[in-house]
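Peer 1: Have a look at this one.
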Amino acid sequence: MSAEPRINDRIRVPEVRLVGPSGEQVGIVPLAKALELAQEYDLDLVEVAANARPPVCKLMDYGKFKYESAMKAREARKNQAHTVIKEMKLRPKIDPHDYDTKKGHVVRFLKQGDKVKITIMFRGREQSRPELGYRLLQRLAEDVQDLGFVESNPKQDGRNMIMVLGPHKKKTEAMAEARQAQEARKAEAKANPGKSQNAADPDAVNAEVHDEAPAEASAEA
């Protein structure tokens with residue numbers, strides 16, 4: 001069955017409860033009278049509540065109504081955010097430089113509103129020292145506590161130890177801020193055409209906005 005409402009001469013009832021163009025209640029009128037009023041206003045008679053007794057019909061510009069509804073649905077889909085889980089892999093004896101690099105990626109992911117799965121990989125004798133991985137995960141959680149929180153506490157999973165960080169900022173908020181920052185950069189570039197575009201915010205340049213299916217991105221130490 002079609003989801004489209006019945007309009008004009010497709011409406012097959014003896015009388016309707018009529019609503020005017022501005023939402024005013026006209027009352028119960030014969031169908032012929034409602035169609036006559038629709039012609040006078042140069043509007044459509046649209047059945048908006050078919051199961052009511054009598055059915056409720058409204059005078060409106062149906063073409064305009066469909067267009068506006070489609071635009072609202074499109075905007076809603078545009079703003080829809082999907083949960084994305086990034087993955088960052090570290091070794092328990094990671095050196096300070098590599099740690100700072102990995103932490104920078106985690107910070108970027110959390111700023112984008114994404115969750116981050118942190119995996120500590122143990123090899124050989126390292127498997128007998130799980131406390132090394134636990135302390136490293138605790139350290140990382142403390143370093144990024146302004147941007148995220150521990151959603152899943154560290155737990156052993158075979159040779160690995162896993163922790164999940166969740167962002168304080170919602171994905172929709174991060175997407176909105178990214179769009180605002182992009183618009184601000186465009187406005188600044190327009191006002192200062194001589195300024196190099198390469199001077200843009202590095203976080204914004206590297207930002208990844210996912211509007212499609214959930215995905216994982218991994219980086220191995």
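We name chains A, B, ... following the order of the structure tokens; residues begin at 1 in each chain, and ligands are numbered from 1 as shown.
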Mind checking which residues fall within 12 Å of Lys89 of chain A, counting only C-alpha atoms, ignoring those fewer than 3 positions away in the same chain, and posting them as a ChimeraX atom specification?

Peer 2: /A:86,92,94,98-99,101-103,105-106,116-122,133,136-137,160-164,217-221

Peer 1: Which parts of segment 37-130 of chain A does DSSP call alpha helix (DSSP H) when run on the backbone here, written out as a short mmCIF file (atom, residue, chain, number, x, y, z; two decimals) with N, CA and C atoms, in the first residue's frame?

Peer 2:
data_model
loop_
_atom_site.label_atom_id
_atom_site.label_comp_id
_atom_site.auth_asym_id
_atom_site.auth_seq_id
_atom_site.Cartn_x
_atom_site.Cartn_y
_atom_site.Cartn_z
N LEU A 37 -13.93 24.56 -1.48
CA LEU A 37 -13.08 25.50 -0.75
C LEU A 37 -11.61 25.37 -1.19
N ALA A 38 -11.18 24.15 -1.45
CA ALA A 38 -9.81 23.95 -1.91
C ALA A 38 -9.57 24.67 -3.24
N GLN A 39 -10.54 24.62 -4.15
CA GLN A 39 -10.42 25.32 -5.43
C GLN A 39 -10.39 26.83 -5.23
N GLU A 40 -11.22 27.33 -4.31
CA GLU A 40 -11.26 28.77 -4.05
C GLU A 40 -9.92 29.29 -3.52
N TYR A 41 -9.28 28.50 -2.64
CA TYR A 41 -7.99 28.90 -2.07
C TYR A 41 -6.82 28.54 -2.97
N TYR A 62 0.07 20.87 -1.32
CA TYR A 62 0.65 19.55 -1.08
C TYR A 62 2.05 19.42 -1.68
N GLY A 63 2.26 20.01 -2.84
CA GLY A 63 3.59 19.96 -3.46
C GLY A 63 4.64 20.61 -2.57
N LYS A 64 4.32 21.77 -2.02
CA LYS A 64 5.25 22.46 -1.13
C LYS A 64 5.47 21.66 0.14
N PHE A 65 4.39 21.05 0.65
CA PHE A 65 4.48 20.25 1.86
C PHE A 65 5.42 19.06 1.66
N LYS A 66 5.31 18.37 0.53
CA LYS A 66 6.18 17.23 0.25
C LYS A 66 7.64 17.66 0.13
N TYR A 67 7.86 18.80 -0.52
CA TYR A 67 9.23 19.30 -0.69
C TYR A 67 9.86 19.62 0.66
N GLU A 68 9.13 20.34 1.51
CA GLU A 68 9.65 20.71 2.82
C GLU A 68 9.90 19.48 3.69
N SER A 69 9.01 18.49 3.60
CA SER A 69 9.19 17.25 4.37
C SER A 69 10.44 16.51 3.91
N ALA A 70 10.67 16.48 2.59
CA ALA A 70 11.86 15.80 2.06
C ALA A 70 13.13 16.51 2.52
N MET A 71 13.11 17.85 2.55
CA MET A 71 14.28 18.60 2.98
C MET A 71 14.57 18.37 4.47
N LYS A 72 13.52 18.29 5.28
CA LYS A 72 13.70 18.03 6.71
C LYS A 72 14.29 16.65 6.93
N ALA A 73 13.79 15.66 6.18
CA ALA A 73 14.31 14.29 6.31
C ALA A 73 15.77 14.23 5.89
N ARG A 74 16.11 14.97 4.83
CA ARG A 74 17.49 14.99 4.36
C ARG A 74 18.40 15.62 5.39
N GLU A 75 17.96 16.69 6.02
CA GLU A 75 18.76 17.36 7.05
C GLU A 75 18.94 16.45 8.26
N ALA A 76 17.88 15.70 8.60
CA ALA A 76 17.97 14.78 9.73
C ALA A 76 18.99 13.68 9.46
N ARG A 77 19.00 13.16 8.22
CA ARG A 77 19.98 12.14 7.86
C ARG A 77 21.39 12.70 7.88
N LYS A 78 21.53 13.96 7.44
CA LYS A 78 22.84 14.61 7.41
C LYS A 78 23.41 14.74 8.81
N ASN A 79 22.54 15.03 9.78
CA ASN A 79 23.00 15.25 11.16
C ASN A 79 23.06 13.96 11.97
N PRO A 96 58.82 6.74 25.23
CA PRO A 96 58.08 7.99 25.46
C PRO A 96 57.62 8.67 24.17
N HIS A 97 58.45 8.68 23.15
CA HIS A 97 58.07 9.35 21.90
C HIS A 97 56.87 8.66 21.25
N ASP A 98 56.93 7.32 21.19
CA ASP A 98 55.82 6.58 20.59
C ASP A 98 54.55 6.74 21.43
N TYR A 99 54.73 6.80 22.75
CA TYR A 99 53.56 6.98 23.61
C TYR A 99 52.89 8.32 23.31
N ASP A 100 53.67 9.37 23.20
CA ASP A 100 53.10 10.69 22.91
C ASP A 100 52.38 10.69 21.56
N THR A 101 52.95 9.98 20.58
CA THR A 101 52.31 9.91 19.26
C THR A 101 50.97 9.19 19.36
N LYS A 102 50.96 8.05 20.04
CA LYS A 102 49.72 7.28 20.18
C LYS A 102 48.68 8.07 20.97
N LYS A 103 49.13 8.73 22.02
CA LYS A 103 48.21 9.53 22.82
C LYS A 103 47.60 10.64 21.98
N GLY A 104 48.40 11.23 21.08
CA GLY A 104 47.88 12.28 20.20
C GLY A 104 46.76 11.77 19.32
N HIS A 105 46.89 10.53 18.82
CA HIS A 105 45.82 9.94 18.01
C HIS A 105 44.56 9.74 18.86
N VAL A 106 44.74 9.25 20.09
CA VAL A 106 43.59 9.03 20.97
C VAL A 106 42.88 10.35 21.26
N VAL A 107 43.66 11.40 21.50
CA VAL A 107 43.08 12.73 21.74
C VAL A 107 42.25 13.17 20.54
N ARG A 108 42.79 12.97 19.34
CA ARG A 108 42.07 13.38 18.13
C ARG A 108 40.77 12.61 17.97
N PHE A 109 40.82 11.29 18.21
CA PHE A 109 39.61 10.47 18.08
C PHE A 109 38.54 10.92 19.08
N LEU A 110 38.94 11.17 20.32
CA LEU A 110 37.98 11.59 21.34
C LEU A 110 37.38 12.95 21.01
N LYS A 111 38.20 13.86 20.46
CA LYS A 111 37.70 15.17 20.05
C LYS A 111 36.65 15.04 18.96
N PRO A 130 51.38 -8.58 33.55
CA PRO A 130 50.18 -7.84 33.13
C PRO A 130 50.06 -6.47 33.81
#

Peer 1: Can you check which residues of segment 25-136 of chain A DSSP gives as strand (DSSP E or B) on the backbone and send them as a PyMOL selection string?

Peer 2: chain A and resi 25-30+44-49+56-60+85-90+115-121

Peer 1: For Gly148 of chain A, which of A:Gly124, A:Pro54, A:Pro30, A:Gly113 is the closest residue, counting only C-alpha atoms?

Peer 2: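 Smallest separation from Gly148 of chain A among the options: A:Gly113.
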
Peer 1: List the spatial neighbours of Asn8 of chain A as a PyMOL selection string - criterion: any atom at most 12 Å away, only C-alpha atoms, same-chain residues fewer than 5 positions off excluded.

Peer 2: chain A and resi 13+16+31-39+42-48+57-62

Peer 1: Here is a test: counting only C-alpha atoms, which residue of A:Val26, A:Ala176, A:Ile11, A:Val84 is nearest to Ala50 of chain A?

Peer 2: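 For Ala50 of chain A, the nearest of the given residues is A:Ile11.
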
Peer 1: Excluding Arg123 of chain A and any residue of its chain fewer than 2 positions from it, enumerate the residues within 9 Å of it, using only C-alpha atoms, and give them as JSON, numbers by chain.

Peer 2: {"A": [91, 121, 125, 126, 127, 159, 160]}

Peer 1: Can you write out the residues you just picked, keeping C-alpha atoms, as a JSON list (two decimals), in the first residue's frame?

Peer 2:
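Saved to result.json:
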[["chain", "number", "residue", "atom", "x", "y", "z"],
["A", 91, "ARG", "CA", 53.27, -2.36, 23.63],
["A", 121, "MET", "CA", 49.90, -6.40, 23.17],
["A", 125, "ARG", "CA", 57.92, -12.90, 28.85],
["A", 126, "GLU", "CA", 55.77, -9.75, 28.89],
["A", 127, "GLN", "CA", 52.74, -12.01, 29.40],
["A", 159, "ARG", "CA", 47.72, -12.17, 25.03],
["A", 160, "ASN", "CA", 46.21, -8.70, 25.02]]

Peer 1: For atom CA of Arg135 of chain A and atom CA of Lys169 of chain A, quote the distance in Å rounded to one decimal.

Peer 2: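 Between atom CA of Arg135 of chain A and atom CA of Lys169 of chain A the gap works out to 25.4 Å.
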
Peer 1: Using atom CA of Arg129 of chain A and atom CA of Leu90 of chain A as the two end points, give the distance in Å to one decimal.

Peer 2: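 According to the coordinates, atom CA of Arg129 of chain A and atom CA of Leu90 of chain A are separated by 14.8 Å.
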
Peer 1: Measure the distance from atom CA of Pro14 of chain A to atom CA of Asn51 of chain A in Å and round it to one decimal.

Peer 2: 14.3 Å
